[in-house]
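This report refers to the structure that appears directly beneath it.
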Amino acid sequence: MRLLCINYEYPPIGGGGGVVSKGLAEALVKRGYHIDLVTSGMKDLPEFEIVNGVHVHRVHCIRRYRHYVTLAEMATLIRPLYSKALRLINENDYQLNHTHFIFPSGFVSYLLKKRTGLQYILTCHGSDVPGYNPDRFNFSHKLLKPLWVKTIKNSQGVSTPSHYLKKLIHSQIDIPVDVIPNGYDFLPCASSAKCNRILVVTRMFERKGVQFFIKAVADLKSKWEILIAGDGPYLNKLKELARNIPAIKFLGFVSGPALAQLYKSSKIFVFPSVQENFPVVLLEAMEAGCAIVTTDAPGCVEVVGNEAIITRCGQVSDIRNALEYLMTNENEVNRLSCRARDRAGKFTWSTIASNFDLLSHRCLCQPCFN
């Protein structure tokens, strides 16, 4: 199948949604798909390259930060994404357009369908769904609701990684939604012994809950190493909060082999987010054999199942108690490590790609929702 893909962010730009679209695209290439993917670019990136079989086309836009984008910056992508994708449609015979995120990518696909007739399916990732991240996007979701509804209703199908997000979509609009979990990329690195280290990896937004983790470790009587990896607009506030905790070290953004090495060599991974869809970092840490401490946010629970210590969202004492328990119980760390690896094995990209393949062929045979 020849597939056009549109995503406003794609590695090395963006966060979890970009990582997911990259893993899925590369897995589909292995299944025989030809994929042209249109995304945003930056000055240090080529306008076109083939990455692991995926033909990546990057367009010029206004974007200041590699791992964070504003709504206004997203809006500057609409015209260049549309123009590049339209040219590719005129040059190639695509069977389907797979789009990640309702805005701005999905709206571009809606416009392209009106112009060319190319059918599209949507994968929603979280913040593009009204109600998922109201602190950051409440006003913009209200402003964009007419476009949101048009984009959804004119699609051939909608998928999302979690039942939590499916329920949230259904609270807005009554359409069928397929739940296809995120997969993860195996991050190869040299074998490494686990050390007494607690690791956090996330984008630095307030809803990620790192502030609760910092408060939880403030009084820990331990010589364990505490590392926090990631970047984002909330980072400076977190550094200020941790200024009197010498055990904490902020690493900034880490990726590739360096990130894999952190996972492989850390005994405990903490993900304290209070609102999530289907966080890939949990899968990466589970595959690396970390003992997981996370929250009862629905998206987190869907990833870890019963193979982690679950704390209540925002409860500092829960996080502290979980860490104190694990730091003094090596057997429990080893047990959770083994169970995390076993569960992560259920989310390989080959499995996820086969589910998407079924969705794609089904959507080609059915009318759009509108």
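Lettering and numbering for the structure tokens are positional, with chains as A, B, ... in the shown order, residues counted from 1 in each chain, and ligands counted from 1 in the shown order.
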
_Which of segment 137-272 of chain A fall in helix (DSSP H, G or I), as a PyMOL selection string_ = chain A and resi 137-143+145-153+163-170+206-208+210-217+235-241+256-265

Write out as a JSON list (two decimals) with N, CA and C atoms, in the first residue's frame which residues come within 8 Å of Tyr234 of chain A when counting only C-alpha atoms, dropping same-chain ones fewer than 6 positions away.
```json
[["chain", "number", "residue", "atom", "x", "y", "z"],
["A", 204, "MET", "N", 8.94, 18.45, 30.37],
["A", 204, "MET", "CA", 8.73, 19.23, 31.59],
["A", 204, "MET", "C", 7.51, 20.14, 31.47],
["A", 205, "PHE", "N", 6.35, 19.55, 31.69],
["A", 205, "PHE", "CA", 5.09, 20.26, 31.84],
["A", 205, "PHE", "C", 4.58, 20.04, 33.26],
["A", 206, "GLU", "N", 3.75, 20.92, 33.75],
["A", 206, "GLU", "CA", 3.25, 20.81, 35.12],
["A", 206, "GLU", "C", 2.47, 19.51, 35.32]]
```

*asked:* For segment 14-31 of chain A, find every residue with an atom within 10 Å (counting only C-alpha atoms), except residues of its own chain fewer than 4 positions away, and show them as number ranges by chain.
replied: A: 1-3, 5-10, 35-37, 39-40, 51-55, 65-69, 98-101, 123-127, 161, 181-186, 202-203, 278-281, 348-354, 356-357

Would you mind listing, for every residue of segment 151-244 of chain A within 12 Å of segment 297-303 of chain A, the two atoms forming the shortest contact and the distance between them in Å to one decimal, using only C-alpha atoms, sorted by chain and ascending residue number, as a tab-separated table?
```
residue	atom	partner	partner_atom	distance
A:Thr160	CA	A:Gly299	CA	11.3
A:Pro161	CA	A:Gly299	CA	8.8
A:Ser162	CA	A:Gly299	CA	6.4
A:His163	CA	A:Gly299	CA	8.1
A:Tyr164	CA	A:Pro298	CA	6.1
A:Leu165	CA	A:Gly299	CA	8.1
A:Lys166	CA	A:Gly299	CA	10.9
A:Lys167	CA	A:Pro298	CA	10.9
A:Leu168	CA	A:Pro298	CA	11.4
A:Val179	CA	A:Glu302	CA	11.5
A:Ile180	CA	A:Glu302	CA	11.8
A:Pro181	CA	A:Val303	CA	8.6
A:Asn182	CA	A:Val303	CA	9.1
A:Gly183	CA	A:Val303	CA	10.3
A:Tyr184	CA	A:Val303	CA	11.4
A:Arg207	CA	A:Ala297	CA	10.8
A:Lys208	CA	A:Ala297	CA	10.6
A:Gly209	CA	A:Ala297	CA	11.0
```

*asked:* Taking 3 positions as the minimum chain separation for residues in the same chain, which residues sit within 8 Å of Leu96 of chain A when counting only C-alpha atoms? Answer as a PyMOL selection string.
replied: chain A and resi 2-4+118-121+360+364

*Neighbours of Lys43 of chain A within 12 Å (only C-alpha atoms; same-chain residues fewer than 6 positions away dropped), as a PyMOL selection string?*
chain A and resi 13+58-66

I need the residues in segment 108-316 of chain A that are strand (DSSP E) according to DSSP; give them as a CSV table (one decimal) with C-alpha atoms, in the first residue's frame.
```
chain,number,residue,atom,x,y,z
A,120,TYR,CA,-7.7,9.9,5.7
A,121,ILE,CA,-7.7,8.3,9.1
A,122,LEU,CA,-6.7,10.0,12.3
A,123,THR,CA,-4.7,8.9,15.2
A,157,GLY,CA,-11.6,6.1,10.9
A,158,VAL,CA,-10.2,7.2,14.2
A,159,SER,CA,-7.7,5.4,16.4
A,160,THR,CA,-6.2,6.2,19.8
A,178,ASP,CA,-10.3,1.9,17.5
A,179,VAL,CA,-7.9,1.4,20.4
A,195,CYS,CA,23.1,0.8,40.0
A,196,ASN,CA,21.3,2.5,42.9
A,197,ARG,CA,19.7,5.1,40.7
A,198,ILE,CA,16.2,6.6,40.5
A,199,LEU,CA,15.4,7.9,37.0
A,200,VAL,CA,12.7,10.2,35.7
A,201,VAL,CA,12.3,10.9,32.0
A,225,GLU,CA,21.5,8.8,42.6
A,226,ILE,CA,18.5,10.8,41.4
A,227,LEU,CA,18.4,11.8,37.7
A,228,ILE,CA,15.8,13.8,35.9
A,229,ALA,CA,16.0,13.8,32.1
A,248,ILE,CA,19.0,15.6,42.2
A,249,LYS,CA,20.7,16.1,38.9
A,250,PHE,CA,18.9,17.6,35.8
A,251,LEU,CA,20.2,16.2,32.5
A,252,GLY,CA,18.2,18.1,30.0
A,266,SER,CA,18.8,2.4,36.6
A,267,LYS,CA,17.0,0.2,39.2
A,268,ILE,CA,13.9,2.4,39.6
A,269,PHE,CA,12.0,4.5,37.1
A,270,VAL,CA,9.4,7.0,38.3
A,271,PHE,CA,6.7,8.5,36.1
A,291,ALA,CA,11.1,-1.4,38.6
A,292,ILE,CA,8.3,1.1,37.8
A,293,VAL,CA,6.6,3.6,40.1
A,294,THR,CA,3.8,5.5,38.4
A,295,THR,CA,0.4,6.9,39.1
A,309,ILE,CA,3.7,0.2,42.1
A,310,ILE,CA,0.8,2.5,41.5
A,311,THR,CA,0.5,5.8,43.5
```

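From atom CA of Lys150 of chain A back to atom CA of Ile169 of chain A, the distance works out to 14.0 Å.
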
*Fewer than 3 positions away in the same chain doesn't count, so skip those; otherwise give me all residues within 10 Å of Tyr82 of chain A, counting only C-alpha atoms, as a list in words.*
Ile6, Val38, Val59, Leu77, Ile78, Arg79, Ala85, Leu86, Arg87, Leu88, Ser105, Phe107, Val108, Ser109, Tyr110, Leu111 and Leu112 of chain A

*Nearest to Tyr94 of chain A by atom-to-atom distance, counting only C-alpha atoms, from A:Tyr132, A:Tyr33, A:Phe48, A:Trp148*: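 Answer, going by the shortest atom-to-atom distance: A:Tyr33.
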
*Have a look at atom CA of Glu240 of chain A and atom CA of Pro272 of chain A and let me know their distance in Å, one decimal.*
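About the pair atom CA of Glu240 of chain A and atom CA of Pro272 of chain A: they are 18.4 Å apart.
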